[in-house]
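Below: the structure, in structure tokens.
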Amino acid sequence: MDLIVTQDGSHSIFAEQYGVTYHSKYGAVTESAHVFIDAGLRMKAVVQSDLTILEVGFGTGLNAFMTWLEAERRNLKIDYYGIEAYPIEPEAARQLNFADLLEVPQRQSDLLRLHTCAWGRKVQMSDHFSLHKKQARLETFLTTKRFDLIYFDAFAPQAQPELWTEGIFRRLFNYLNPDGALVTYCAQGHFKRTLKHVGFEVERLAGPPGKREMTRAWK
């Protein structure tokens with residue numbers, strides 16, 4: 001895994017196994033803020049202050065970190081679940097500059113805690129945010145938990161086609177509470193047709209820098 005700098009100055013990681021980066025080259029923080037925080041968390045926080053969130057692709061922990069910060073700003077209570085098949089090493093996490101870019105350098109230790117806390121059990125990170133990490137492939141992940149919001153941040157379909165199938169999205173649809181939503185950077189036509197086929201109502205939204213569109217899908 002090689003650390004890279006994206007166009008907004010924030011770090012990402014190049015995953016040699018898949019030949020892609022963890023975040024958009026146009027800006028890791030910018031993309032996460034647009035796709036997952038603005039179009040996902042803030043949208044749901046308008047109607048409820050207690051939220052259960054599932055992230056597919058925990059990766060660098062950026063989405064979790066930004067969600068934690070947002071929960072504190074808005075006085076939310078968030079129960080966060082993250083799935084990751086190949087966790088990054090703590091040494092790599094220690095080098096990530098997200099806390100500086102988000103102007104909370106004093107929270108660098110909290111970013112690192114996201115990576116060093118225990119896997120497989122719920123960890124109360126603060127009064128506003130709990131984390132339950134699961135080291136597993138999405139294809140084998142099963143849960144009785146139900147979620148208000150899903151951050152689908154897997155690698156792109158061309159890199160991980162096994163994660164973009166009808167079977168996967170049917171399962172994720174079932175994991176959502178009524179009126180739950182899934183947000184992702186992807187806006188491919190085949191992908192959106194798959195979402196509709198399993199029961200989602202699909203919404204096209206303006207994408208982050210470098211992408212014309214993104215997708216929000218409702219149960």
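Naming works like this for the structure tokens: A, B, ... for the chains as they're shown, residue 1 at the start of each chain, ligands 1 onward in shown order.
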Contacts of range 117-125 of chain A within 12 Å, only C-alpha atoms, excl. fewer than 3 positions in-chain, as a PDB file with C-alpha atoms, in the first residue's frame:
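Written output follows (part_0.pdb):
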```pdb
ATOM      1  CA  PHE A  58     -13.877   0.767   6.103  1.00  0.00           C
ATOM      2  CA  GLY A  61     -11.345   5.180   8.301  1.00  0.00           C
ATOM      3  CA  ALA A  64     -16.003   6.899  10.025  1.00  0.00           C
ATOM      4  CA  PHE A  65     -13.812   9.752  11.280  1.00  0.00           C
ATOM      5  CA  TRP A  68     -17.793  10.885  14.300  1.00  0.00           C
ATOM      6  CA  LEU A  69     -16.908  14.577  14.008  1.00  0.00           C
ATOM      7  CA  ALA A  71     -22.095  13.467  15.242  1.00  0.00           C
ATOM      8  CA  GLU A  72     -20.456  15.691  17.839  1.00  0.00           C
ATOM      9  CA  LYS A  77     -25.887   9.357  18.532  1.00  0.00           C
ATOM     10  CA  ILE A  78     -24.406   7.017  15.950  1.00  0.00           C
ATOM     11  CA  ASP A  79     -23.918   3.266  16.065  1.00  0.00           C
ATOM     12  CA  TYR A  80     -21.399   2.634  13.272  1.00  0.00           C
ATOM     13  CA  TYR A  81     -20.569  -0.728  11.699  1.00  0.00           C
ATOM     14  CA  GLY A  82     -17.645  -1.090   9.305  1.00  0.00           C
ATOM     15  CA  ILE A  83     -16.782  -4.064   7.095  1.00  0.00           C
ATOM     16  CA  GLU A  84     -13.221  -4.446   5.838  1.00  0.00           C
ATOM     17  CA  ALA A  85     -11.585  -7.540   4.372  1.00  0.00           C
ATOM     18  CA  PRO A  87      -7.415  -3.639   7.158  1.00  0.00           C
ATOM     19  CA  PRO A  90      -1.666   1.101  12.149  1.00  0.00           C
ATOM     20  CA  SER A 109      -5.176  10.159  18.128  1.00  0.00           C
ATOM     21  CA  ASP A 110      -8.902   9.468  17.615  1.00  0.00           C
ATOM     22  CA  LEU A 111      -8.317   8.720  13.941  1.00  0.00           C
ATOM     23  CA  LEU A 112      -5.673   6.215  14.986  1.00  0.00           C
ATOM     24  CA  ARG A 113      -8.035   4.712  17.592  1.00  0.00           C
ATOM     25  CA  LEU A 114     -10.429   3.818  14.782  1.00  0.00           C
ATOM     26  CA  HIS A 128     -21.861  10.327  20.351  1.00  0.00           C
ATOM     27  CA  PHE A 129     -20.187   7.516  18.430  1.00  0.00           C
ATOM     28  CA  SER A 130     -19.717   3.768  18.806  1.00  0.00           C
ATOM     29  CA  LEU A 131     -17.820   1.556  16.376  1.00  0.00           C
ATOM     30  CA  HIS A 132     -18.183  -2.130  15.571  1.00  0.00           C
ATOM     31  CA  LYS A 133     -15.599  -3.286  13.003  1.00  0.00           C
ATOM     32  CA  LYS A 134     -15.928  -6.622  11.259  1.00  0.00           C
ATOM     33  CA  GLN A 135     -13.011  -8.091   9.318  1.00  0.00           C
ATOM     34  CA  ALA A 136     -14.853  -9.971   6.612  1.00  0.00           C
TER      35      ALA A 136
END
```
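If only C-alpha atoms are the atoms counted, then among A:His197, A:Ala15, A:Val20, A:Lys211 the closest residue to Pro157 in chain A is A:Val20.
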DSSP on the backbone, then: every residue of range 44-198 of chain A marked strand (DSSP E or B), written as number ranges by chain.
-> A: 50-56, 77-83, 119, 122-124, 129-134, 147-152, 176-184
Dump as a short mmCIF file (atom, residue, chain, number, x, y, z; two decimals), in the first residue's frame, selection limited to N, CA and C atoms:
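File produced: result-v3.cif:
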```cif
data_model
loop_
_atom_site.label_atom_id
_atom_site.label_comp_id
_atom_site.auth_asym_id
_atom_site.auth_seq_id
_atom_site.Cartn_x
_atom_site.Cartn_y
_atom_site.Cartn_z
N ASP A 50 -30.72 9.61 16.27
CA ASP A 50 -30.08 8.32 16.56
C ASP A 50 -30.02 7.52 15.26
N LEU A 51 -28.81 7.14 14.85
CA LEU A 51 -28.65 6.49 13.56
C LEU A 51 -27.75 5.27 13.67
N THR A 52 -28.12 4.23 12.93
CA THR A 52 -27.24 3.08 12.74
C THR A 52 -26.73 3.13 11.31
N ILE A 53 -25.42 3.05 11.16
CA ILE A 53 -24.79 3.18 9.85
C ILE A 53 -23.91 1.96 9.58
N LEU A 54 -24.00 1.44 8.36
CA LEU A 54 -23.13 0.37 7.90
C LEU A 54 -22.24 0.92 6.80
N GLU A 55 -20.94 0.79 6.97
CA GLU A 55 -20.01 1.16 5.90
C GLU A 55 -19.42 -0.08 5.27
N VAL A 56 -19.57 -0.19 3.97
CA VAL A 56 -18.93 -1.27 3.21
C VAL A 56 -17.63 -0.71 2.65
N LYS A 77 -26.36 10.60 17.95
CA LYS A 77 -25.89 9.36 18.53
C LYS A 77 -25.83 8.33 17.41
N ILE A 78 -24.61 7.88 17.11
CA ILE A 78 -24.41 7.02 15.95
C ILE A 78 -23.78 5.70 16.35
N ASP A 79 -24.41 4.64 15.91
CA ASP A 79 -23.92 3.27 16.06
C ASP A 79 -23.38 2.85 14.70
N TYR A 80 -22.07 2.76 14.57
CA TYR A 80 -21.40 2.63 13.27
C TYR A 80 -20.79 1.24 13.12
N TYR A 81 -21.12 0.59 12.02
CA TYR A 81 -20.57 -0.73 11.70
C TYR A 81 -19.72 -0.60 10.44
N GLY A 82 -18.52 -1.15 10.47
CA GLY A 82 -17.65 -1.09 9.30
C GLY A 82 -17.15 -2.47 8.91
N ILE A 83 -17.28 -2.79 7.63
CA ILE A 83 -16.78 -4.06 7.10
C ILE A 83 -15.50 -3.80 6.31
N TRP A 119 -11.42 -5.51 16.91
CA TRP A 119 -12.33 -5.97 15.87
C TRP A 119 -13.33 -6.95 16.48
N LYS A 122 -18.38 -4.21 19.80
CA LYS A 122 -18.72 -2.80 19.85
C LYS A 122 -17.77 -2.07 20.79
N VAL A 123 -17.25 -0.93 20.33
CA VAL A 123 -16.36 -0.08 21.12
C VAL A 123 -17.00 1.31 21.21
N GLN A 124 -17.22 1.78 22.41
CA GLN A 124 -17.81 3.11 22.61
C GLN A 124 -16.69 4.14 22.53
N PHE A 129 -20.62 8.40 19.52
CA PHE A 129 -20.19 7.52 18.43
C PHE A 129 -19.65 6.19 18.97
N SER A 130 -20.25 5.10 18.51
CA SER A 130 -19.72 3.77 18.81
C SER A 130 -19.32 3.10 17.50
N LEU A 131 -18.37 2.21 17.57
CA LEU A 131 -17.82 1.56 16.38
C LEU A 131 -17.78 0.05 16.59
N HIS A 132 -18.26 -0.67 15.58
CA HIS A 132 -18.18 -2.13 15.57
C HIS A 132 -17.57 -2.53 14.23
N LYS A 133 -16.29 -2.90 14.23
CA LYS A 133 -15.60 -3.29 13.00
C LYS A 133 -15.67 -4.80 12.82
N LYS A 134 -15.88 -5.20 11.59
CA LYS A 134 -15.93 -6.62 11.26
C LYS A 134 -14.95 -6.89 10.12
N PHE A 147 -30.16 -1.17 9.60
CA PHE A 147 -29.45 0.11 9.48
C PHE A 147 -30.35 1.19 8.89
N ASP A 148 -30.05 2.42 9.28
CA ASP A 148 -30.74 3.58 8.71
C ASP A 148 -30.04 4.10 7.47
N LEU A 149 -28.75 3.82 7.37
CA LEU A 149 -27.95 4.38 6.29
C LEU A 149 -26.80 3.43 5.97
N ILE A 150 -26.55 3.23 4.69
CA ILE A 150 -25.40 2.43 4.25
C ILE A 150 -24.49 3.30 3.40
N TYR A 151 -23.21 3.37 3.81
CA TYR A 151 -22.18 3.98 2.98
C TYR A 151 -21.59 2.85 2.13
N PHE A 152 -21.87 2.85 0.84
CA PHE A 152 -21.29 1.80 -0.01
C PHE A 152 -20.04 2.37 -0.68
N LEU A 176 -31.59 -2.75 5.50
CA LEU A 176 -32.03 -1.39 5.79
C LEU A 176 -33.37 -1.37 6.51
N ASN A 177 -33.52 -0.41 7.41
CA ASN A 177 -34.82 -0.11 7.98
C ASN A 177 -35.70 0.55 6.92
N PRO A 178 -37.03 0.52 7.10
CA PRO A 178 -37.89 1.27 6.19
C PRO A 178 -37.46 2.74 6.15
N ASP A 179 -37.46 3.32 4.97
CA ASP A 179 -36.99 4.70 4.73
C ASP A 179 -35.48 4.84 4.89
N GLY A 180 -34.77 3.71 4.97
CA GLY A 180 -33.32 3.76 4.99
C GLY A 180 -32.78 4.08 3.61
N ALA A 181 -31.50 4.48 3.57
CA ALA A 181 -30.89 4.90 2.30
C ALA A 181 -29.50 4.32 2.15
N LEU A 182 -29.09 4.15 0.90
CA LEU A 182 -27.73 3.75 0.54
C LEU A 182 -27.15 4.85 -0.32
N VAL A 183 -25.93 5.28 0.01
CA VAL A 183 -25.26 6.31 -0.80
C VAL A 183 -23.92 5.77 -1.28
N THR A 184 -23.57 6.15 -2.51
CA THR A 184 -22.32 5.70 -3.10
C THR A 184 -21.89 6.68 -4.18
#
```
Step one, run DSSP on the backbone; step two, keep only residues of range 63-178 of chain A assigned to helix (DSSP H, G or I); then write them as a VMD selection string.
-> chain A and resid 63 to 74 90 to 95 98 to 101 105 to 116 138 to 140 161 to 163 166 to 175
From A:Asn174, A:Thr116, A:Thr6, A:Gln160, residue lying nearest Arg137 in chain A [only C-alpha atoms] = A:Gln160
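In terms of minimum interatomic distance to Val202 in chain A, A:Lys219 ranks closest within A:Lys219, A:Arg74, A:Lys44, A:Lys145, counting only C-alpha atoms.
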Extract, using only C-alpha atoms, all DNA, RNA and protein residues at most 9 Å from range 98-102 of chain A, discarding same-chain residues fewer than 5 positions from it, and format them as a ChimeraX atom specification.
-> /A:8-11,28-29,62,65-66,107-108,111
